[in-house]
Amino acid sequence: MQNLQVCSDIRQLIDSSSELQYLIDVRYFNAIPASLPGGDIAVATRRQLLQKSETAWQRAEYSQRNSIPMSYSPDNYRWSCGILGIPAKSLQQLKFVQPSLSDGDTHTIDLQQCICKIDSTVFEGYSFSPAQDLVAILSKTMRGESHAYNVTFRSLSEDKPHPDAGSPLVKALDNQIHPQLFDSPYTQSMIFRDYYGLLCKYAHKADDELVDLLQIWNWKSKEASPDCGTTNFSFLTNDRFLVASARELKLFSLDTIDSVNAIRLVARFSFPALRDPFIFHFITFSPIPFHASAHNQLIAINMCMSAPTTNKSPYFTFYIERNTLLELESTYISRYGEASQDSPSLPWSAWGPKYTRFFENSYNSCTHRIFGFRSAELIGDLVSRDGVLQPRPLRIRDFNPHREKFLANDMTMEANRITLLSLKVGNSMYDTSQSIEMLDFE
């Protein structure tokens, strides 16, 4: 009887508290609440908006579809927090464009823009984090230099050195490369809170060995550490990141010891075994939104298999929760102890079948956008077998497939919005214009 009374008291407490009901709903929906304008919105209203939004997502119904014509064609574009970064090399600048609804009644749309200057003769790439007012610009050095790139950390809004940067300019891969032969055909960079990572594939080391090089900085303190043998990488939290090779995932920690940043291997996870002669030759991670640093989050890992005996290359994507992957660290340690380069990997049978979900994809649908526990992707090929640009269905994982078609070549995802980079075809497929198209789920 006493237990029943306790349960009744708890139920009455919950029923009388909008705050507790809202927190339960957030947990139940595995939701990352969208930021709402103004700080005086009642909790009961927030709960209603959350339930309305979740219903819209589950039914794949968006309330608005808005388009913004663009006067230039983006190339080497990147998304972050709903903002589109576009290098305009002819103008010696980086443009950052944020679509926003300027009128809640007519749903007219503005493009808010800011600009950072670049030297297009040495410009190699960039990453940016609007939440930290940060853009990191990667520039090539002259042949013969002891380092491969210069990285500058600048304020996104003011186009000047970022005030929190340990140094406004750092030398990437200093004394790690061959000064005459270095020429990496592929670079990838990423910012996640305090850390900046740079991956260079097929690079000549100082001893002339051809390898993939990964270097990670705490951009606020300038400390860096290199690693080799990398296919791709992704930050998980502010103190953990993943590295993929052809056979396994490696989980690393980012520790501070005596005020010095150190990278430490903490766990290894095997990929599923493939029949000979197939190998995993291409692996990418879908970027984790900055907002998600304090929440659980799906991780999407895209993989391509190949073999010298066939020209077919199957593509797959598997999903795993970030918290699950982090918890597997303790599973690894309890079985094998402290990880090292010589320690075994946790077999796929011990973690993959139980915690991951596999889906087969085509190459063009291997780009996913993740927010919380939702994944969105454009299905199929942008160009048909007849050489014609074609609209593609938009699929939202974990909910009913969304079957409206979109002529688009990229997109980004937020709490209640999908923003597409859409195409409009003129007289031929080479006569195209682009626009930003927003789908609001609320």
# chains A, B, ... in the order shown; residues from 1 in each chain; ligands from 1

$ residues_around --residues "Ser146 of chain A" --least-positions-apart "3" --cutoff "8 Å" --atoms "only C-alpha atoms" --output "list in words"
Asp174, Asn175, Gln176, Ile177, His178 and Pro179 of chain A

$ write_last_selection --atoms "N, CA and C atoms" --output "compact mmCIF listing (two decimals), in the first residue's frame"
# COMPACT_ATOMS: atom_id res chain seq x y z
N ASP A 174 53.87 20.67 -39.57
CA ASP A 174 55.22 21.24 -39.56
C ASP A 174 56.24 20.13 -39.30
N ASN A 175 57.23 20.03 -40.18
CA ASN A 175 58.28 19.01 -40.13
C ASN A 175 57.73 17.59 -40.25
N GLN A 176 56.54 17.45 -40.83
CA GLN A 176 55.93 16.13 -41.03
C GLN A 176 55.93 15.73 -42.50
N ILE A 177 56.25 16.64 -43.39
CA ILE A 177 56.07 16.39 -44.83
C ILE A 177 57.40 16.49 -45.57
N HIS A 178 57.40 15.97 -46.80
CA HIS A 178 58.54 16.14 -47.70
C HIS A 178 58.42 17.53 -48.32
N PRO A 179 59.40 18.41 -48.09
CA PRO A 179 59.26 19.81 -48.52
C PRO A 179 59.12 20.02 -50.02

$ atom_distance --atom1 "atom CA of Ser155 of chain A" --atom2 "atom CA of Ser67 of chain A"
29.0 Å

$ select_by_dssp --residues "segment 47-254 of chain A" --states "strand (DSSP E)" --output "count of residues only"
108

$ closest_atom_pairs --of "segment 76-175 of chain A" --to "segment 404-426 of chain A" --cutoff "10 Å" --atoms "only C-alpha atoms" --output "JSON lines"
{"residue": "A:Tyr77", "atom": "CA", "partner": "A:Asp410", "partner_atom": "CA", "distance": 9.5}
{"residue": "A:Arg78", "atom": "CA", "partner": "A:Thr412", "partner_atom": "CA", "distance": 9.2}
{"residue": "A:Trp79", "atom": "CA", "partner": "A:Thr412", "partner_atom": "CA", "distance": 6.4}
{"residue": "A:Ser80", "atom": "CA", "partner": "A:Thr412", "partner_atom": "CA", "distance": 7.9}
{"residue": "A:Cys81", "atom": "CA", "partner": "A:Glu414", "partner_atom": "CA", "distance": 7.1}
{"residue": "A:Gly82", "atom": "CA", "partner": "A:Thr412", "partner_atom": "CA", "distance": 6.5}
{"residue": "A:Ile83", "atom": "CA", "partner": "A:Thr412", "partner_atom": "CA", "distance": 8.8}
{"residue": "A:Leu84", "atom": "CA", "partner": "A:Thr412", "partner_atom": "CA", "distance": 8.9}
{"residue": "A:Pro99", "atom": "CA", "partner": "A:Thr419", "partner_atom": "CA", "distance": 8.9}

$ closest_residue --among "A:Glu377, A:Tyr186, A:Gly352, A:Leu50" --to "Val26 of chain A" --atoms "only C-alpha atoms"
A:Leu50

$ atom_distance --atom1 "atom CA of Ser139 of chain A" --atom2 "atom CA of Lys171 of chain A"
10.0 Å

$ residues_around --residues "segment 314-326 of chain A" --least-positions-apart "3" --cutoff "6 Å" --atoms "only C-alpha atoms" --output "short mmCIF file (atom, residue, chain, number, x, y, z; two decimals) with C-alpha atoms, in the first residue's frame"
data_model
loop_
_atom_site.label_atom_id
_atom_site.label_comp_id
_atom_site.auth_asym_id
_atom_site.auth_seq_id
_atom_site.Cartn_x
_atom_site.Cartn_y
_atom_site.Cartn_z
CA ASN A 296 22.71 11.94 -27.53
CA GLN A 297 22.99 11.78 -31.30
CA LEU A 298 22.86 9.34 -34.20
CA ILE A 299 26.14 8.75 -36.03
CA ALA A 300 25.98 7.78 -39.71
CA ILE A 301 29.00 6.00 -41.19
CA ASN A 302 29.01 5.64 -44.99
CA MET A 303 31.08 2.83 -46.50
CA CYS A 304 31.97 1.66 -50.00
CA MET A 305 33.31 -1.80 -50.88
CA GLU A 329 34.72 2.04 -24.40
CA THR A 356 23.93 -0.77 -35.43
CA ARG A 357 21.47 -0.67 -38.31
CA PHE A 358 22.70 -1.21 -41.88
CA PHE A 359 21.14 0.20 -45.07
CA GLU A 360 22.28 -0.22 -48.66
CA ASN A 361 22.62 3.02 -50.67
CA SER A 362 23.74 4.30 -54.02
#
